[in-house]
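Q: Starting off with a structure, shown below.
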Amino acid sequence: MDSSSSSPAAAAASSPAYAFSSPPPVENPRSPFSKPRPPSSISRPSYLVETPSRPLAPSSTSSRTIYSDRFIPSRAGSNFALFDLSLPPSASTSSSSDAGREDGSGAYAALLRAVLFGLDQGVAPPATPDRSSAAVAGRSPSSSSSTSSSVAFSTPSRNIFRYKAEVPRYSLAEQFEDELPGFSHFHPRAPRKVPRSPYKVLDAPALQDDFYLNLVDWSSHNVLAVGLGNCVYLWNACSSKVTKLCDLGVDDSVCSVGWAQRGNHLAVGTNQGKVQIWDASRCRRVRTMESHRLRVGALAWSSSMLSSGSRDKIILQRDIRAQEDFVSKLTGHKSEVCGLKWSHDNRELASGGNDNRLFVWNQHSTQPVLKYSEHTAAVKAIAWSPHVHGLLASGGGTADRCIRFWNTVTNSHLSCIDTGSQVCNLVWSKNVNELVSTHGYSQNQIIVWRYPTMSKLATLTGHTYRVLYLAISPDGQTIVTGAGDETLRFWNVFPSPKSQNTGSDIGARSLGRSHIR
C-alpha cells in the first residue's frame with residue numbers, strides 16, 4: 001500500500017474519540033468505472049475505531065478530504081459495451097450501432113407494454129429518476145434551478161390496478177402469436193373446479209359398515225335406493241320424498257340393492273340368500289328367487305338378466321321372465337363374490353371376489369374367459385369405461401390399495417396406480433373421461449381422477465368412516481357416497497354433457513341435512 005495513505009490507528013490518534021475514516025480511492029485502469037468520483041459532501045463511516053477518552057478539541061476539523069467507501073454507479077461513466085449491454089436512453093445517440101440495439105430493445109418494451117396494459121389505456125406510468133432528470137434539464141434555467149434539489153415524478157392519471165369492464169384484456173399467448181414469428185400455438189385448458197363440500201347430507205341410521213355389501217344404488221328415474229338394516233328406503237331426488245319400500249323382518253337383513261337399467265324394478269339381496277324383485281312404482285314385490293345358500297352381497301342387471309353373487313362363491317344368472325330361479329351357474333371364485341358389473345354393451349360380466357381375483361365372463365360361459373390375479377386383496381371396486389370398449393378398472397382392498405386398468409379385448413394389463421388406501425368403489429363419468437374412487441382405511445377420502453394420466457382433480461373428505469358405498473346420478477353429474485358414519489353425502493363432481501369446461505354452475509345448490517327415514 002502507498003505510504004501516504006493513513007492507517008486506521010493513525011487516524012484515530014490524530015482525531016477525536018470514535019473517529020470515522022476511510023481509505024482514499026485507488027484508481028484501477030482496467031475497471032470500467034475508472035473515472036475518479038467527486039468527493040462526497042457528507043462523510044459516511046467505513047469502520048469504527050475506539051480510542052481512550054480524551055477531551056475534545058474546540059474545533060479539530062481535518063483539512064484532509066474524506067471519501068466515502070460506498071460505490072454508487074454513474075451511468076455517464078459506465079462502459080456498457082464491456083458487458084454487451086445496451087446504452088440507457090440518454091446515451092443512445094452516441095453511435096449508430098448502439099442506436100440500432102436500443103431501437104430493438106425499445107420495440108420489445110413497447111410490445112410488452114401493449115400486451116400488459118393495452119394499446120391505449122390512457123395510463124401514464126410513473127417516470128424513472130433518469131427521465132425526470134432529463135425533463136428537468138430541458139426546462140428553462142429558472143425552472144431548473146427551483147427544482148434542482150428534488151427529483152420530479154409524473155403522477156399517473158388513474159390507478160393502473162383498477163379493473164375496468166370496458167377495457168379489453170389481451171392474452172399474452174394470442175398477442176405474441178401475432179407479433180412474433182415462430183411462436184407455437186398453445187392454449188392450455190383451465191383446470192376444472194370441483195366443489196370440496198357436499199351440497200346435501202342425509203342421515204342414514206343403521207347403514208352397515210361392511211366392506212362386502214352394496215347397499216346404495218341410483219335409478220335412471222332419479223330415485224335412490226338405500227338398504228338400512230332390514231328395510232329398503234327410496235329417496236326421490238326431485239322431490240326429496242322418502243318412501244319405505246319393504247321390511248324383511250327381524251330374521252333377515254338387506255345385503256345389496258340394484259336397479260334394473262330401465263323401468264322401476266329393484267332387486268334386493270338378503271342375508272338369507274334370497275333375491276327379491278320389487279316394483280318400486282307400486283311398492284309391490286313381484287317375485288322371490290332363492291338357490292343361494294349364503295348372503296347375496298352383489299347384484300348386476302343386463303336387460304332382463306340379473307346376476308347375483310354370494311358368499312357361497314357362486315354367481316347365478318337369472319332371467320326374470322323365466323319360471324326357473326336361475327338359468328346358469330358361474331363357478332370359479334374361491335371366496336365370497338363381492339363385486340359384479342356388466343359392460344355397457346351387455347356382452348361381458350366382470351366379477352371380483354375376496355379371493356383377490358378378477359374374472360371376466362361372456363354371455364354364455366360358465367367358466368371365466370379372462371382371469372386376473374394381480375390384486376393382493378379383495379376386489380370389490382369394478383367399473384367399465386363408457387368411452388372405450390373393453391376398458392375395465394378394478395380396485396383392491398386394504399392390503400392392495402391399487403387401481404388397475406385392463407383391456408379385455410387384447411387381454412392386457414394397461415396400468416396400475418397406488419392410491420395409498422383401501423379402494424372400496426369405482427365409477428366412470430359418462431360425460432368426460434374421468435372416474436371417481438372411494439376409499440377406506442386409512443384416509444376415508446373420495447378422489448376424482450382424470451384418465452389416462454390419472455392426475456387428481458380433487459380429493460374430497462368429510463366421512464369419518466370408510467366410504468363403502470357409491471352411486472352416480474342419471475345425468476352423470478352427481479355422486480352419492482355412504483359410509484359407516486351413517487350419512488349419505490351428495491357431491492357435484494362431474495360437468496354436464498353440454499358444458500364440459502370449468503363447470504362454474506356445479507355445486508350451486510345449498511347445503512342441507514335431512515333424514516332418509
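Chain labels follow the order of the C-alpha cells: the first chain is A, the next B, and so on; residue numbering restarts at 1 in every chain, and ligands are counted from 1 in their shown order.
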Could you give me, as CSV, every segment 331-350 of chain A residue with an atom at most 9 Å from segment 362-366 of chain A, plus its closest atom pair and distance in Å to one decimal, counting only C-alpha atoms, rows ordered by chain then number?

A:
```
residue,atom,partner,partner_atom,distance
A:Thr331,CA,A:Thr366,CA,6.6
A:Gly332,CA,A:Thr366,CA,8.7
A:Asn346,CA,A:Gln363,CA,8.0
A:Arg347,CA,A:Gln363,CA,5.8
A:Glu348,CA,A:Asn362,CA,4.6
A:Leu349,CA,A:Asn362,CA,6.2
A:Ala350,CA,A:Asn362,CA,9.0
```

Q: Using only C-alpha atoms, pick whichever of A:Gly263, A:Gly390, A:Pro495, A:Gly420 has the shortest atom-to-atom distance to Cys402 of chain A.

A: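 For Cys402 of chain A, the nearest of the given residues is A:Gly420.
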
Q: Taking only C-alpha atoms into account, produce a table as CSV in which each residue of segment 347-450 of chain A with an atom at most 9 Å from an atom of segment 457-469 of chain A appears once, together with its shortest atom pair and the distance in Å to one decimal, ordered by chain and rising number.

A:
```
residue,atom,partner,partner_atom,distance
A:Gln422,CA,A:Arg466,CA,8.6
A:Val423,CA,A:Leu468,CA,8.8
A:Cys424,CA,A:Leu468,CA,5.4
A:Asn425,CA,A:Tyr469,CA,6.8
A:Thr438,CA,A:Val467,CA,5.7
A:His439,CA,A:Val467,CA,5.5
A:Gly440,CA,A:Arg466,CA,3.7
A:Tyr441,CA,A:Arg466,CA,6.2
A:Ser442,CA,A:Arg466,CA,7.8
A:Gln443,CA,A:Arg466,CA,7.7
A:Asn444,CA,A:Arg466,CA,4.7
A:Gln445,CA,A:Thr461,CA,5.0
A:Ile446,CA,A:Leu460,CA,4.9
A:Ile447,CA,A:Thr459,CA,4.6
A:Val448,CA,A:Ala458,CA,5.2
A:Trp449,CA,A:Leu457,CA,5.7
A:Arg450,CA,A:Leu457,CA,6.7
```

Q: Store the residues of this selection in a file with C-alpha atoms, as a short mmCIF file (atom, residue, chain, number, x, y, z; two decimals), in the first residue's frame.

A:
```cif
data_model
loop_
_atom_site.label_atom_id
_atom_site.label_comp_id
_atom_site.auth_asym_id
_atom_site.auth_seq_id
_atom_site.Cartn_x
_atom_site.Cartn_y
_atom_site.Cartn_z
CA GLN A 422 -58.31 -49.31 0.61
CA VAL A 423 -60.27 -48.97 -2.67
CA CYS A 424 -63.98 -49.51 -1.97
CA ASN A 425 -65.74 -48.33 -5.15
CA THR A 438 -63.90 -44.04 -2.76
CA HIS A 439 -61.57 -45.26 -0.06
CA GLY A 440 -61.46 -46.75 3.39
CA TYR A 441 -58.53 -47.37 5.65
CA SER A 442 -56.82 -45.19 6.37
CA GLN A 443 -57.91 -41.87 4.85
CA ASN A 444 -61.64 -42.31 4.05
CA GLN A 445 -61.35 -40.00 1.05
CA ILE A 446 -63.03 -39.58 -2.34
CA ILE A 447 -60.75 -38.92 -5.33
CA VAL A 448 -61.67 -37.60 -8.77
CA TRP A 449 -59.19 -38.82 -11.41
CA ARG A 450 -58.53 -37.78 -14.99
#
```

Q: Choose the residue, out of A:Gly249, A:Gly297, A:Gly484, A:Pro205, that has the smallest atom-to-atom separation from Thr270 of chain A; count only C-alpha atoms.

A: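 Distance minimum relative to Thr270 of chain A lands on A:Gly297.
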
Q: With a distance cut-off of 7 Å and only C-alpha atoms, select the neighbouring residues of Leu207 of chain A, excluding the residue or stretch itself and same-chain residues fewer than 6 positions from it, and output the selection as a PDB file with C-alpha atoms, in the first residue's frame.

A:
```pdb
ATOM      1  CA  LEU A 228     -80.838 -49.746   6.143  1.00  0.00           C
ATOM      2  CA  GLY A 229     -80.868 -52.740   8.454  1.00  0.00           C
ATOM      3  CA  GLY A 484     -70.271 -46.374   8.353  1.00  0.00           C
ATOM      4  CA  GLU A 486     -74.417 -43.423   8.879  1.00  0.00           C
TER       5      GLU A 486
END
```

Q: To one decimal in Å, tell me the separation between atom CA of Thr453 of chain A and atom CA of Thr419 of chain A.

A: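 Interatomic distance, atom CA of Thr453 of chain A to atom CA of Thr419 of chain A: 13.9 Å.
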
Q: Just want the 8 Å neighbourhood of Ser291 of chain A, counted on only C-alpha atoms, with same-chain residues fewer than 3 positions away dropped. Output as a PDB file with N, CA, C and O atoms, in the first residue's frame.

A:
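The result, stored in part-v6.pdb:
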```
ATOM      1  N   GLY A 273     -79.798 -65.360   1.615  1.00  0.00           N
ATOM      2  CA  GLY A 273     -79.521 -65.900   0.299  1.00  0.00           C
ATOM      3  C   GLY A 273     -80.650 -65.745  -0.706  1.00  0.00           C
ATOM      4  O   GLY A 273     -80.608 -66.352  -1.782  1.00  0.00           O
ATOM      5  N   LYS A 274     -81.634 -64.928  -0.407  1.00  0.00           N
ATOM      6  CA  LYS A 274     -82.763 -64.721  -1.312  1.00  0.00           C
ATOM      7  C   LYS A 274     -82.546 -63.459  -2.154  1.00  0.00           C
ATOM      8  O   LYS A 274     -81.832 -62.543  -1.757  1.00  0.00           O
ATOM      9  N   ASP A 325     -85.513 -70.267 -11.098  1.00  0.00           N
ATOM     10  CA  ASP A 325     -84.816 -69.277 -10.282  1.00  0.00           C
ATOM     11  C   ASP A 325     -83.540 -68.789 -10.954  1.00  0.00           C
ATOM     12  O   ASP A 325     -83.149 -67.630 -10.766  1.00  0.00           O
ATOM     13  N   PHE A 326     -82.889 -69.666 -11.735  1.00  0.00           N
ATOM     14  CA  PHE A 326     -81.675 -69.238 -12.447  1.00  0.00           C
ATOM     15  C   PHE A 326     -81.537 -70.082 -13.707  1.00  0.00           C
ATOM     16  O   PHE A 326     -82.045 -71.214 -13.795  1.00  0.00           O
TER      17      PHE A 326
END
```

Q: Please give the complete set of residues from segment 167-293 of chain A that DSSP, run on the backbone, assigns to alpha helix (DSSP H), formatted as a list in words.

A: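 Selecting the alpha helix (DSSP H) positions of segment 167-293 of chain A gives Leu172, Ala173, Glu174, Gln175, Phe176, Glu177, Asp178 and Glu179 of chain A.
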
Q: Rounded to one decimal in Å, what is the spacing between atom CA of Ala298 of chain A and atom CA of Ser310 of chain A?

A: 6.8 Å

Q: Show which residues sit within 9 Å of Asn433 of chain A, as a list in words. Count only C-alpha atoms, and ignore same-chain residues fewer than 6 positions away.

A: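 The filter keeps Ser385, Pro386, His387, Trp449, Arg450, Tyr451 and Pro452 of chain A.
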